[in-house]
Amino acid sequence: MALKDLSHAAQRQAFSVGIDNFLKHLNRKDREERIATYQKLVDAAGKFWGEGTDTKKLEAVKKDMADPDNRWIRFINRVLDETDPHYAKTMMLNLGYEAFFRGTKTIRENREKYGCNIPWLILFDPTMACNMHCTGCWSGTYGHKANLSYEDMDKIVREGKELGVYVYMMTGGEPTVRMKDIFKLAKKHNDCVFGLYSNSTLITDELAEEVRKLGNITFMLSIEGTPDTNDARRGDGHYAAVMKAMDILKAHGIVFGTSICYTRTNIEAVTSDDFFHLLEEKGARFGFYFHLMPVGNNAAVELMPTVEQRKNMIRRIRQVRSGESDIEFFPMDFQNDGEYVGGCIAGGRNYFHINASGDAEPCVFIHFSNMNIHENSILEILKSPLFMAYHEGQPFNRNHLRPCPMLENPQLLREMVERSGAHQTNQESPESVEHLCSKCDAYAKEWAPVADKIWASQKRRRPAYENYSRKHREHPELAAFENVTE
């Protein structure tokens with residue numbers, strides 16, 4: 001065993017012992033002891049990072065932890081109280097130590113070493129197959145045309161880990177139709193975290209118990225508001241299936257979240273107080289919100305949110321995350337939270353996508369590719385012409401409320417695809433980049449002045465680490481922050 005592996009094993013064991021002690025103290029449910037335990041964990045994180053640690057930020061976090069009325073401390077307490085202890089320990093070890101601490105350091109080193117984007121997570125599709133046919137979604141039309149083999153998935157994880165990637169998400173299709181191989185993968189790579197975007201219909205007590213025992217799988221369940229707004233797009237009976245799946249996962253002590261596509265017809269339903277409190281009661285603790293994208297020839301462009309609805313979405317998600325809210329659920333908005341991640345995260349900057357045919361795509365919504373996992377390594381993919389175009393172009397807009405090279409800056413995607421020679425990868429219904437981007441032109445033009453007005457009115461703090469190309473680091477005038485407070 002190499003020295004670095006011995007060091008890694010020793011570090012992981014030390015963190016494991018620390019987490020055992022952490023959970024042991026939490027089980028006593030003494031408030032003062034919990035606060036002290038949380039603060040010790042923050043100190044340990046600072047020591048691990050060493051030089052370059054933002055000590056002021058760590059002290060601010062410790063101060064928040066000492067406040068008994070801090071909503072996020074109450075939130076963390078609730079999550080830990082309701083989670084199976086073995087599951088909690090495994091997730092903390094894999095997500096906390098492997099992914100956030102050790103993985104992030106390795107990824108940043110490799111970004112400098114290889115001169116390209118290195119992602120924090122990789123998203124892949126075990127299968128194209130889906131047992132549902134939701135309006136406006138391309139997946140349900142694919143059929144059983146392609147699957148990644150277990151060997152393909154294992155290769156993705158093995159090569160990803162070599163670069164520092166310990167978080168893997170799966171979509172499709174419906175990934176749970178491949179649970180036998182996914183369980184095998186999670187067991188072999190028991191130092192990683194696997195998140196499945198699922199329609200909930202195949203989640204059973206037996207499946208949940210295996211997930212609890214493994215400890216390194218979580219779910220993001222698709223749901224869209226009320227029974228009426230949900231089933232109108234996803235089909236009769238789907239809402240009931242999600243409710244049942246949530247009850248099962250909560251009963252087994254599994255941390256899970258939601259995946260919510262917001263559209264013109266459901267946006268009010270998926271952001272109401274009643275909806276948030278329902279998710280909280282059912283055991284969902286986090287959620288990803290996705291703006292409906294007009295991808296594919298069957299895209300329902302008429303379901304794209306209006307400009308006014310998107311304005312309200314920005315305000316609403318931030319209000320729910322604020323200290324004034326009593327909602328114990330953490331929502332994240334894939335399209336409107338660009339400020340917190342430096343704009344577009346695709347193309348390997350923080351993530352990329354591999355479809356069920358093995359094609360490496362810069363984003364789950366961008367069905368164009370230069371390379372395939374069957375012929376190329378992860379590193380070769382990240383150095384491919386299309387991915388390097390992303391690397392050199394990010395951020396695609398100085399306004400992070402207009403982050404996407406497709407939805408808000410469609411001319412840029414046209415240029416990158418043409419320049420890189422990428423081919424389209426929609427096997428069910430081929431779509432040219434011109435056809436795709438033409439569906440975004442009017443939307444981008446209408447949203448731009450509204451987004452610019454919102455952006456100009458806000459004060460923002462520049463992130464300590466942005467992960468842009470050397471060109472942008474050496475020319476700060478290209479950075480995407482104008483109204484900045486240091």
# chains A, B, ... in the order shown; residues from 1 in each chain; ligands from 1
>>> residues_around(residues="A:His367", least_positions_apart="2", cutoff="9 Å", atoms="only C-alpha atoms", output="list of chain:residue names")
A:Val295, A:Gly296, A:Asn355, A:Asp359, A:Ala360, A:Glu361, A:Pro362, A:Cys363, A:Val364, A:Phe365, A:Ser369, A:His423, A:Gln424, A:Thr425, A:Asn426, A:Glu431, A:Val433
>>> select_by_dssp(residues="stretch 198-233 of chain A", states="alpha helix (DSSP H)", output="MDAnalysis selection string")
chainID A and resid 205:214 227:233
>>> residues_around(residues="A:Phe276", least_positions_apart="5", cutoff="9 Å", atoms="only C-alpha atoms", output="PyMOL selection string")
chain A and resi 270-271+281+320+327-329
>>> write_last_selection(atoms="N, CA, C and O atoms", output="short mmCIF file (atom, residue, chain, number, x, y, z; two decimals), in the first residue's frame")
data_model
loop_
_atom_site.label_atom_id
_atom_site.label_comp_id
_atom_site.auth_asym_id
_atom_site.auth_seq_id
_atom_site.Cartn_x
_atom_site.Cartn_y
_atom_site.Cartn_z
N VAL A 270 -45.57 24.91 -5.75
CA VAL A 270 -44.33 24.31 -5.23
C VAL A 270 -43.53 25.28 -4.36
O VAL A 270 -42.45 24.93 -3.88
N THR A 271 -44.07 26.48 -4.13
CA THR A 271 -43.38 27.44 -3.26
C THR A 271 -44.28 27.94 -2.13
O THR A 271 -43.91 28.88 -1.42
N GLU A 281 -42.73 17.89 7.19
CA GLU A 281 -43.43 16.86 7.98
C GLU A 281 -43.14 15.46 7.47
O GLU A 281 -42.98 14.51 8.25
N VAL A 320 -37.32 31.79 2.24
CA VAL A 320 -37.44 30.52 2.95
C VAL A 320 -36.13 30.16 3.64
O VAL A 320 -36.12 29.56 4.71
N ILE A 327 -39.55 27.47 8.38
CA ILE A 327 -39.61 26.25 7.58
C ILE A 327 -38.30 25.47 7.72
O ILE A 327 -37.23 25.99 7.40
N GLU A 328 -38.37 24.24 8.20
CA GLU A 328 -37.16 23.42 8.40
C GLU A 328 -36.93 22.53 7.18
O GLU A 328 -37.05 21.30 7.22
N PHE A 329 -36.61 23.20 6.11
CA PHE A 329 -36.35 22.57 4.81
C PHE A 329 -35.44 23.52 4.07
O PHE A 329 -35.66 24.73 4.08
#
>>> residues_around(residues="A:Asp247", least_positions_apart="2", cutoff="10 Å", atoms="only C-alpha atoms", output="list in words")
Asp205, Val242, Met243, Lys244, Ala245, Leu249, Lys250, Ala251, His252, Glu281, Lys282, Gly283 and Ala284 of chain A
>>> closest_residue(among="A:Phe124, A:Met332, A:Lys24, A:Leu412", to="A:Gln319", atoms="only C-alpha atoms")
A:Met332
>>> residues_around(residues="A:His374", least_positions_apart="3", cutoff="9 Å", atoms="only C-alpha atoms", output="NGL selection string")
:A and (152 or 357-359 or 371 or 377)
>>> closest_atom_pairs(of="stretch 183-280 of chain A", to="stretch 159-168 of chain A", cutoff="10 Å", atoms="only C-alpha atoms", output="Markdown table")
| residue | atom | partner | partner_atom | distance |
| --- | --- | --- | --- | --- |
| A:His189 | CA | A:Tyr166 | CA | 9.2 |
| A:Asn190 | CA | A:Tyr166 | CA | 10.0 |
| A:Asp191 | CA | A:Tyr166 | CA | 7.3 |
| A:Cys192 | CA | A:Tyr166 | CA | 4.8 |
| A:Val193 | CA | A:Val167 | CA | 4.9 |
| A:Phe194 | CA | A:Tyr168 | CA | 4.9 |
| A:Gly195 | CA | A:Tyr168 | CA | 6.3 |
| A:Leu196 | CA | A:Tyr168 | CA | 8.7 |
| A:Asn216 | CA | A:Val167 | CA | 9.9 |
| A:Ile217 | CA | A:Tyr168 | CA | 9.6 |
>>> closest_residue(among="A:Phe219, A:Tyr340, A:Tyr239, A:Tyr289", to="A:Tyr262", atoms="only C-alpha atoms")
A:Tyr289
>>> closest_residue(among="A:Lys471, A:Arg234, A:Arg108, A:Arg315", to="A:Asn350", atoms="only C-alpha atoms")
A:Arg108
>>> atom_distance(atom1="atom CA of A:Asn266", atom2="atom CA of A:Trp455")
25.4 Å
>>> select_by_dssp(residues="stretch 242-478 of chain A", states="strand (DSSP E or B)", output="NGL selection string")
:A and (256-262 or 284-291 or 330-333 or 351-354 or 359-361 or 363 or 366 or 368-369 or 371-372 or 423-424 or 460-461)
>>> residues_around(residues="A:Asp125", least_positions_apart="5", cutoff="12 Å", atoms="only C-alpha atoms", output="PyMOL selection string")
chain A and resi 130+139+146-150+152-153+156+168-178+182+195-198+352-361+364
>>> atom_distance(atom1="atom CA of A:Phe334", atom2="atom CA of A:Met293")
11.6 Å
>>> atom_distance(atom1="atom CA of A:Ala232", atom2="atom CA of A:Asp274")
19.0 Å
>>> residues_around(residues="A:Ser325", least_positions_apart="6", cutoff="12 Å", atoms="only C-alpha atoms", output="ChimeraX atom specification")
/A:70-72,75,273,276-277,316-319
